[in-house]
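Listing of final_20.pdb, PDB, C-alpha atoms, pLDDT in the B column
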```pdb
ATOM      1  CA  MET A  15      18.167   5.244 -18.420  1.00 47.00           C
ATOM      2  CA  THR A  16      14.530   5.979 -17.793  1.00 59.00           C
ATOM      3  CA  ASP A  17      12.512   9.145 -17.310  1.00 86.00           C
ATOM      4  CA  THR A  18      10.352   7.341 -14.745  1.00 90.00           C
ATOM      5  CA  PRO A  19      11.363   8.124 -11.158  1.00 94.00           C
ATOM      6  CA  ASP A  20      12.452   5.180  -9.010  1.00 97.00           C
ATOM      7  CA  ALA A  21      10.292   6.075  -5.997  1.00 98.00           C
ATOM      8  CA  ILE A  22       6.957   7.531  -4.959  1.00 98.00           C
ATOM      9  CA  ILE A  23       6.917   9.405  -1.642  1.00 98.00           C
ATOM     10  CA  LYS A  24       3.730  10.611   0.065  1.00 98.00           C
ATOM     11  CA  THR A  25       3.546  12.265   3.470  1.00 98.00           C
ATOM     12  CA  ILE A  26       0.736  13.340   5.755  1.00 98.00           C
ATOM     13  CA  GLN A  27       0.271  14.633   9.277  1.00 97.00           C
ATOM     14  CA  LEU A  28      -2.421  12.496  10.926  1.00 98.00           C
ATOM     15  CA  LYS A  29      -4.488  13.594  13.912  1.00 97.00           C
ATOM     16  CA  ALA A  30      -4.120  10.259  15.664  1.00 98.00           C
ATOM     17  CA  SER A  31      -1.648   8.758  18.089  1.00 97.00           C
ATOM     18  CA  GLN A  32       1.277   6.798  16.770  1.00 98.00           C
ATOM     19  CA  ASP A  33      -0.169   3.668  18.378  1.00 97.00           C
ATOM     20  CA  ARG A  34      -3.514   4.173  16.597  1.00 98.00           C
ATOM     21  CA  VAL A  35      -1.856   4.789  13.210  1.00 98.00           C
ATOM     22  CA  TRP A  36       0.335   1.730  13.776  1.00 98.00           C
ATOM     23  CA  CYS A  37      -2.755  -0.442  14.285  1.00 98.00           C
ATOM     24  CA  ALA A  38      -4.447   0.948  11.163  1.00 98.00           C
ATOM     25  CA  ILE A  39      -1.402   0.044   9.096  1.00 98.00           C
ATOM     26  CA  THR A  40      -0.244  -3.246  10.602  1.00 98.00           C
ATOM     27  CA  ASP A  41      -3.506  -4.948  11.582  1.00 98.00           C
ATOM     28  CA  SER A  42      -4.328  -6.815   8.356  1.00 98.00           C
ATOM     29  CA  SER A  43      -8.084  -6.430   8.886  1.00 97.00           C
ATOM     30  CA  GLU A  44      -7.904  -2.673   9.469  1.00 98.00           C
ATOM     31  CA  PHE A  45      -5.410  -2.206   6.632  1.00 98.00           C
ATOM     32  CA  GLY A  46      -7.705  -4.068   4.283  1.00 97.00           C
ATOM     33  CA  GLN A  47     -10.767  -2.010   5.129  1.00 97.00           C
ATOM     34  CA  TRP A  48      -9.243   1.356   4.306  1.00 98.00           C
ATOM     35  CA  PHE A  49      -6.875   0.125   1.577  1.00 98.00           C
ATOM     36  CA  GLY A  50      -9.346  -2.105  -0.245  1.00 97.00           C
ATOM     37  CA  CYS A  51      -8.310  -5.746   0.231  1.00 96.00           C
ATOM     38  CA  ARG A  52      -8.955  -8.724   2.448  1.00 97.00           C
ATOM     39  CA  PHE A  53      -6.380 -11.048   4.019  1.00 96.00           C
ATOM     40  CA  ASP A  54      -6.988 -14.318   5.843  1.00 90.00           C
ATOM     41  CA  GLY A  55      -4.418 -13.795   8.573  1.00 95.00           C
ATOM     42  CA  PRO A  56      -2.140 -11.356  10.392  1.00 97.00           C
ATOM     43  CA  PHE A  57       0.882  -9.631   8.912  1.00 98.00           C
ATOM     44  CA  ILE A  58       4.068 -11.487   9.935  1.00 98.00           C
ATOM     45  CA  ALA A  59       7.556 -10.331   8.928  1.00 98.00           C
ATOM     46  CA  GLY A  60       9.065 -12.554   6.258  1.00 98.00           C
ATOM     47  CA  GLN A  61       5.744 -14.147   5.284  1.00 97.00           C
ATOM     48  CA  ALA A  62       3.859 -14.018   2.014  1.00 97.00           C
ATOM     49  CA  MET A  63       0.272 -12.855   2.359  1.00 96.00           C
ATOM     50  CA  ALA A  64      -2.347 -13.895  -0.172  1.00 94.00           C
ATOM     51  CA  GLY A  65      -5.402 -11.715  -0.257  1.00 95.00           C
ATOM     52  CA  ARG A  66      -8.173 -10.468  -2.489  1.00 96.00           C
ATOM     53  CA  MET A  67      -8.993  -6.951  -3.539  1.00 95.00           C
ATOM     54  CA  THR A  68     -12.268  -5.613  -2.194  1.00 97.00           C
ATOM     55  CA  PRO A  69     -13.569  -2.035  -2.325  1.00 97.00           C
ATOM     56  CA  THR A  70     -12.556   0.304   0.487  1.00 97.00           C
ATOM     57  CA  VAL A  71     -15.125   1.182   3.149  1.00 97.00           C
ATOM     58  CA  VAL A  72     -13.968   4.778   3.665  1.00 97.00           C
ATOM     59  CA  ASN A  73     -14.502   6.453   0.291  1.00 96.00           C
ATOM     60  CA  ASP A  74     -17.431   5.671  -2.004  1.00 97.00           C
ATOM     61  CA  GLU A  75     -15.797   7.208  -5.082  1.00 96.00           C
ATOM     62  CA  ILE A  76     -12.599   5.162  -4.640  1.00 95.00           C
ATOM     63  CA  ALA A  77     -14.663   2.056  -3.830  1.00 96.00           C
ATOM     64  CA  GLU A  78     -16.465   2.474  -7.150  1.00 97.00           C
ATOM     65  CA  MET A  79     -13.108   2.687  -8.955  1.00 93.00           C
ATOM     66  CA  GLN A  80     -11.949  -0.474  -7.148  1.00 94.00           C
ATOM     67  CA  LYS A  81     -15.075  -2.504  -8.011  1.00 95.00           C
ATOM     68  CA  PRO A  82     -13.754  -3.869 -11.333  1.00 93.00           C
ATOM     69  CA  TYR A  83     -10.889  -5.473  -9.358  1.00 92.00           C
ATOM     70  CA  ASP A  84     -13.090  -6.941  -6.610  1.00 95.00           C
ATOM     71  CA  GLY A  85     -11.890 -10.488  -5.926  1.00 94.00           C
ATOM     72  CA  HIS A  86      -8.648 -10.020  -7.881  1.00 92.00           C
ATOM     73  CA  PRO A  87      -5.636 -11.624  -6.141  1.00 91.00           C
ATOM     74  CA  PHE A  88      -3.662  -9.230  -3.948  1.00 91.00           C
ATOM     75  CA  ASN A  89      -0.346 -10.749  -2.918  1.00 93.00           C
ATOM     76  CA  ILE A  90       2.358  -9.141  -0.813  1.00 97.00           C
ATOM     77  CA  VAL A  91       5.393 -10.295   1.158  1.00 98.00           C
ATOM     78  CA  ILE A  92       5.868  -8.643   4.536  1.00 98.00           C
ATOM     79  CA  ASP A  93       9.429  -7.321   4.453  1.00 98.00           C
ATOM     80  CA  ARG A  94       9.755  -5.990   7.985  1.00 98.00           C
ATOM     81  CA  ILE A  95       7.874  -4.841  11.028  1.00 98.00           C
ATOM     82  CA  GLU A  96       9.651  -2.531  13.472  1.00 98.00           C
ATOM     83  CA  PRO A  97       7.041  -1.803  16.150  1.00 97.00           C
ATOM     84  CA  GLN A  98       5.521   1.653  16.104  1.00 97.00           C
ATOM     85  CA  THR A  99       7.904   2.943  13.413  1.00 98.00           C
ATOM     86  CA  VAL A 100       8.335   0.878  10.219  1.00 98.00           C
ATOM     87  CA  PHE A 101       6.075  -1.487   8.311  1.00 98.00           C
ATOM     88  CA  ALA A 102       7.212  -2.611   4.856  1.00 98.00           C
ATOM     89  CA  PHE A 103       6.075  -5.052   2.223  1.00 98.00           C
ATOM     90  CA  ARG A 104       7.049  -6.073  -1.294  1.00 98.00           C
ATOM     91  CA  TRP A 105       4.666  -6.533  -4.201  1.00 97.00           C
ATOM     92  CA  HIS A 106       4.311  -6.512  -7.938  1.00 95.00           C
ATOM     93  CA  PRO A 107       2.975  -3.016  -8.659  1.00 94.00           C
ATOM     94  CA  TYR A 108       0.032  -2.587 -10.984  1.00 91.00           C
ATOM     95  CA  ALA A 109      -0.303  -6.358 -11.390  1.00 88.00           C
ATOM     96  CA  VAL A 110      -3.881  -6.132 -12.646  1.00 84.00           C
ATOM     97  CA  ASP A 111      -3.826  -8.484 -15.647  1.00 84.00           C
ATOM     98  CA  GLU A 112      -5.028 -11.796 -14.218  1.00 81.00           C
ATOM     99  CA  GLY A 113      -3.775 -13.584 -17.325  1.00 87.00           C
ATOM    100  CA  LYS A 114      -0.175 -12.448 -16.811  1.00 89.00           C
ATOM    101  CA  ASP A 115       2.386 -14.145 -14.572  1.00 90.00           C
ATOM    102  CA  TYR A 116       4.312 -11.412 -12.738  1.00 91.00           C
ATOM    103  CA  SER A 117       6.383 -13.804 -10.606  1.00 90.00           C
ATOM    104  CA  GLY A 118       9.493 -13.359 -12.748  1.00 92.00           C
ATOM    105  CA  GLU A 119       9.482  -9.591 -12.335  1.00 94.00           C
ATOM    106  CA  ALA A 120      11.182  -7.604  -9.610  1.00 95.00           C
ATOM    107  CA  GLU A 121       8.985  -6.329  -6.804  1.00 97.00           C
ATOM    108  CA  THR A 122       8.844  -2.820  -5.439  1.00 98.00           C
ATOM    109  CA  LEU A 123       9.201  -2.082  -1.720  1.00 98.00           C
ATOM    110  CA  VAL A 124       6.427  -0.185   0.065  1.00 98.00           C
ATOM    111  CA  THR A 125       7.479   1.348   3.385  1.00 98.00           C
ATOM    112  CA  PHE A 126       5.299   3.075   5.968  1.00 98.00           C
ATOM    113  CA  LEU A 127       7.365   5.231   8.333  1.00 98.00           C
ATOM    114  CA  LEU A 128       5.722   6.680  11.448  1.00 98.00           C
ATOM    115  CA  MET A 129       7.165   9.544  13.456  1.00 98.00           C
ATOM    116  CA  PRO A 130       5.617  11.326  16.430  1.00 97.00           C
ATOM    117  CA  ALA A 131       4.452  14.846  15.674  1.00 96.00           C
ATOM    118  CA  ASP A 132       2.671  17.618  17.543  1.00 93.00           C
ATOM    119  CA  GLY A 133      -0.974  16.623  17.775  1.00 93.00           C
ATOM    120  CA  GLY A 134      -0.552  13.279  16.092  1.00 97.00           C
ATOM    121  CA  THR A 135       1.672  11.243  13.826  1.00 98.00           C
ATOM    122  CA  HIS A 136       3.667  12.029  10.702  1.00 98.00           C
ATOM    123  CA  LEU A 137       3.278   9.230   8.137  1.00 98.00           C
ATOM    124  CA  THR A 138       5.519   8.776   5.109  1.00 98.00           C
ATOM    125  CA  ILE A 139       4.681   6.138   2.520  1.00 98.00           C
ATOM    126  CA  THR A 140       7.453   5.318   0.056  1.00 98.00           C
ATOM    127  CA  GLU A 141       7.299   2.864  -2.806  1.00 98.00           C
ATOM    128  CA  SER A 142      10.704   2.293  -4.379  1.00 98.00           C
ATOM    129  CA  GLY A 143      12.263   0.058  -6.999  1.00 98.00           C
ATOM    130  CA  PHE A 144      10.454   1.105 -10.177  1.00 97.00           C
ATOM    131  CA  HIS A 145      13.718   1.123 -12.150  1.00 96.00           C
ATOM    132  CA  GLN A 146      13.888  -2.664 -11.685  1.00 96.00           C
ATOM    133  CA  LEU A 147      10.582  -3.203 -13.486  1.00 96.00           C
ATOM    134  CA  PRO A 148      10.432  -4.243 -17.146  1.00 94.00           C
ATOM    135  CA  PRO A 149      10.687  -1.110 -19.307  1.00 93.00           C
ATOM    136  CA  GLU A 150       7.337  -1.793 -20.971  1.00 92.00           C
ATOM    137  CA  ARG A 151       5.530  -1.740 -17.574  1.00 92.00           C
ATOM    138  CA  ARG A 152       7.574   0.806 -15.646  1.00 95.00           C
ATOM    139  CA  ALA A 153       5.879   4.102 -16.575  1.00 95.00           C
ATOM    140  CA  GLN A 154       2.336   2.728 -16.309  1.00 94.00           C
ATOM    141  CA  ALA A 155       3.029   1.052 -12.949  1.00 95.00           C
ATOM    142  CA  PHE A 156       4.567   4.273 -11.610  1.00 97.00           C
ATOM    143  CA  ALA A 157       1.736   6.506 -12.830  1.00 96.00           C
ATOM    144  CA  SER A 158      -0.959   4.172 -11.502  1.00 94.00           C
ATOM    145  CA  ASN A 159       0.673   3.775  -8.103  1.00 96.00           C
ATOM    146  CA  GLU A 160       1.535   7.464  -7.780  1.00 97.00           C
ATOM    147  CA  GLY A 161      -2.165   8.271  -8.053  1.00 95.00           C
ATOM    148  CA  GLY A 162      -3.036   5.275  -5.915  1.00 95.00           C
ATOM    149  CA  TRP A 163      -0.791   6.317  -3.035  1.00 97.00           C
ATOM    150  CA  GLU A 164      -2.159   9.860  -3.224  1.00 96.00           C
ATOM    151  CA  ALA A 165      -5.618   8.393  -2.668  1.00 96.00           C
ATOM    152  CA  GLN A 166      -4.472   5.852  -0.058  1.00 97.00           C
ATOM    153  CA  ILE A 167      -2.784   8.412   2.167  1.00 97.00           C
ATOM    154  CA  HIS A 168      -6.110  10.226   2.431  1.00 96.00           C
ATOM    155  CA  MET A 169      -8.038   6.995   2.918  1.00 97.00           C
ATOM    156  CA  VAL A 170      -5.968   6.074   5.969  1.00 98.00           C
ATOM    157  CA  GLU A 171      -6.649   9.597   7.230  1.00 98.00           C
ATOM    158  CA  ALA A 172     -10.395   9.090   6.714  1.00 97.00           C
ATOM    159  CA  TRP A 173     -10.229   5.673   8.417  1.00 98.00           C
ATOM    160  CA  LEU A 174      -8.565   7.199  11.467  1.00 98.00           C
ATOM    161  CA  ALA A 175     -11.058  10.095  11.597  1.00 96.00           C
ATOM    162  CA  ARG A 176     -14.098   7.804  11.856  1.00 92.00           C
TER     163      ARG A 176
END
```
Structure rendered as structure tokens:
Amino acid sequence: MTDTPDAIIKTIQLKASQDRVWCAITDSSEFGQWFGCRFDGPFIAGQAMAGRMTPTVVNDEIAEMQKPYDGHPFNIVIDRIEPQTVFAFRWHPYAVDEGKDYSGEAETLVTFLLMPADGGTHLTITESGFHQLPPERRAQAFASNEGGWEAQIHMVEAWLAR
């Protein structure tokens, strides 16, 4: 057994309509601008998306931290899209070593859940499946992504507040 939790859960109350939050999360161009990546096409359920990391446009400090990874491959598989409520993708977490092939490893599942709330939208981001990762990568991937999702939840908030 491992001491590393299997899931990261982050929640935030956003002062934006559910429709607006949905667009920020599921429009690949918008997603990329606040998250820090660039995709060549739209998100489509069941499809692999190849992209490249690029610094976020909403937070200069985070953008500076992302600069060393600028141009690094950023690959996800869109798991599901349930309009206005659920957007989910799979990826290899903390896959930052360009010399390593992660394709044989399990992927984690990242789920964005939107719920209407007074004055806006309640967003929950969950990344699960860390227990499936190789033991030598598990704790580092969890720690990196836990901090990453803490930053990302506030970056989507900043994107929506522009």
Take every atom of region 30-35 of chain A listed in the file, pad by 6 Å on each side, and give me the axis-aligned box centre and edge lengths in Å, one decimal, as AutoDock Vina command-line options.
```
--center_x -1.4 --center_y 7.0 --center_z 15.8 --size_x 17.4 --size_y 18.6 --size_z 17.2
```
Surrounding residues of Ile90 (chain A) excluding itself and chain neighbours under 6 positions, 8 Å, only C-alpha atoms, as an mmCIF file with C-alpha atoms, in the frame of the given file:
```
data_model
loop_
_atom_site.group_PDB
_atom_site.id
_atom_site.type_symbol
_atom_site.label_atom_id
_atom_site.label_comp_id
_atom_site.auth_asym_id
_atom_site.auth_seq_id
_atom_site.Cartn_x
_atom_site.Cartn_y
_atom_site.Cartn_z
ATOM 1 C CA ALA A 62 3.859 -14.018 2.014
ATOM 2 C CA MET A 63 0.272 -12.855 2.359
ATOM 3 C CA ALA A 64 -2.347 -13.895 -0.172
ATOM 4 C CA PHE A 103 6.075 -5.052 2.223
ATOM 5 C CA ARG A 104 7.049 -6.073 -1.294
ATOM 6 C CA TRP A 105 4.666 -6.533 -4.201
ATOM 7 C CA HIS A 106 4.311 -6.512 -7.938
#
```
Which residues, named as in the file, does the PyMOL selection byres ((chain A and resi 30-38) around 7) pick out? Answer as a PDB file with C-alpha atoms, keeping the file's coordinate frame.
```pdb
ATOM      1  CA  LEU A  28      -2.421  12.496  10.926  1.00 98.00           C
ATOM      2  CA  LYS A  29      -4.488  13.594  13.912  1.00 97.00           C
ATOM      3  CA  ILE A  39      -1.402   0.044   9.096  1.00 98.00           C
ATOM      4  CA  THR A  40      -0.244  -3.246  10.602  1.00 98.00           C
ATOM      5  CA  ASP A  41      -3.506  -4.948  11.582  1.00 98.00           C
ATOM      6  CA  GLU A  44      -7.904  -2.673   9.469  1.00 98.00           C
ATOM      7  CA  PHE A  45      -5.410  -2.206   6.632  1.00 98.00           C
ATOM      8  CA  GLN A  98       5.521   1.653  16.104  1.00 97.00           C
ATOM      9  CA  LEU A 128       5.722   6.680  11.448  1.00 98.00           C
ATOM     10  CA  PRO A 130       5.617  11.326  16.430  1.00 97.00           C
ATOM     11  CA  GLY A 134      -0.552  13.279  16.092  1.00 97.00           C
ATOM     12  CA  THR A 135       1.672  11.243  13.826  1.00 98.00           C
ATOM     13  CA  LEU A 174      -8.565   7.199  11.467  1.00 98.00           C
TER      14      LEU A 174
END
```
Pick from A:Gly143, A:Pro107, A:Gly65, A:Gly60: nearest to Asn159 (chain A), with only C-alpha atoms counted?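 Selected residue with least distance to Asn159 (chain A): A:Pro107.
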Please determine the residues with any atom at most 10 Å from (-10.3, 5.6, -6.5) (coordinates as given in the file, with only C-alpha atoms counting) and report them as a count of residues only. 18
Using all atoms listed in the file: which of A:Leu147, A:Val170, A:Ile22, A:Ile58 has the shortest distance to Ala109 (chain A): A:Leu147
Atom-to-atom span, CA of Gly133 (chain A) and CA of Ala175 (chain A), Å: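 A separation of 13.5 Å between them.
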Mind checking which residues fall within 7 Å of Met67 (chain A), counting all atoms listed in the file, ignoring those fewer than 6 positions away in the same chain, and posting them as a list in words?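 Once the adjacent positions are removed, what remains is Gly50, Cys51, Arg52, Tyr83, Asp84, Gly85, His86, Pro87 and Phe88 of chain A.
Of note, CA of Thr18 (chain A) and CA of Phe101 (chain A) are spaced 25.1 Å apart.
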For a test of reading the model, state the distance in Å between CA of Ser158 (chain A) and CA of Asn89 (chain A), rounded to one decimal.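 Atom-to-atom, CA of Ser158 (chain A) and CA of Asn89 (chain A) are spaced 17.2 Å apart.
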Nearest residue to Gln61 (chain A) from the set A:Met129, A:Ala102, A:Leu137, A:Ile23 (distances using all atoms listed in the file):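 Distance minimum relative to Gln61 (chain A) lands on A:Ala102.
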Can you list, as number ranges by chain, every protein, DNA or RNA residue that comes within 8 Å of region 148-153 of chain A when you count all atoms listed in the file, leaving out same-chain residues fewer than 3 positions away? A: 18, 119, 144-145, 156-157
Residues matched by the PyMOL selection byres ((chain A and resi 56) around 8) as a list in words: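 Residues picked by the PyMOL selection byres ((chain A and resi 56) around 8): Asp41, Ser42, Ser43, Phe53, Asp54, Gly55, Phe57 and Ile58 of chain A.
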Carefully work through the PyMOL selection byres ((chain A and resi 139) around 8) for this structure and note down the residues it includes, as number ranges by chain. A: 22-25, 124-127, 137-138, 140-141, 163, 167
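Distance check against Gln154 (chain A) using all atoms listed in the file: of A:Gly113, A:Gly46, A:Gly118, A:Pro19, the minimum falls on A:Pro19.
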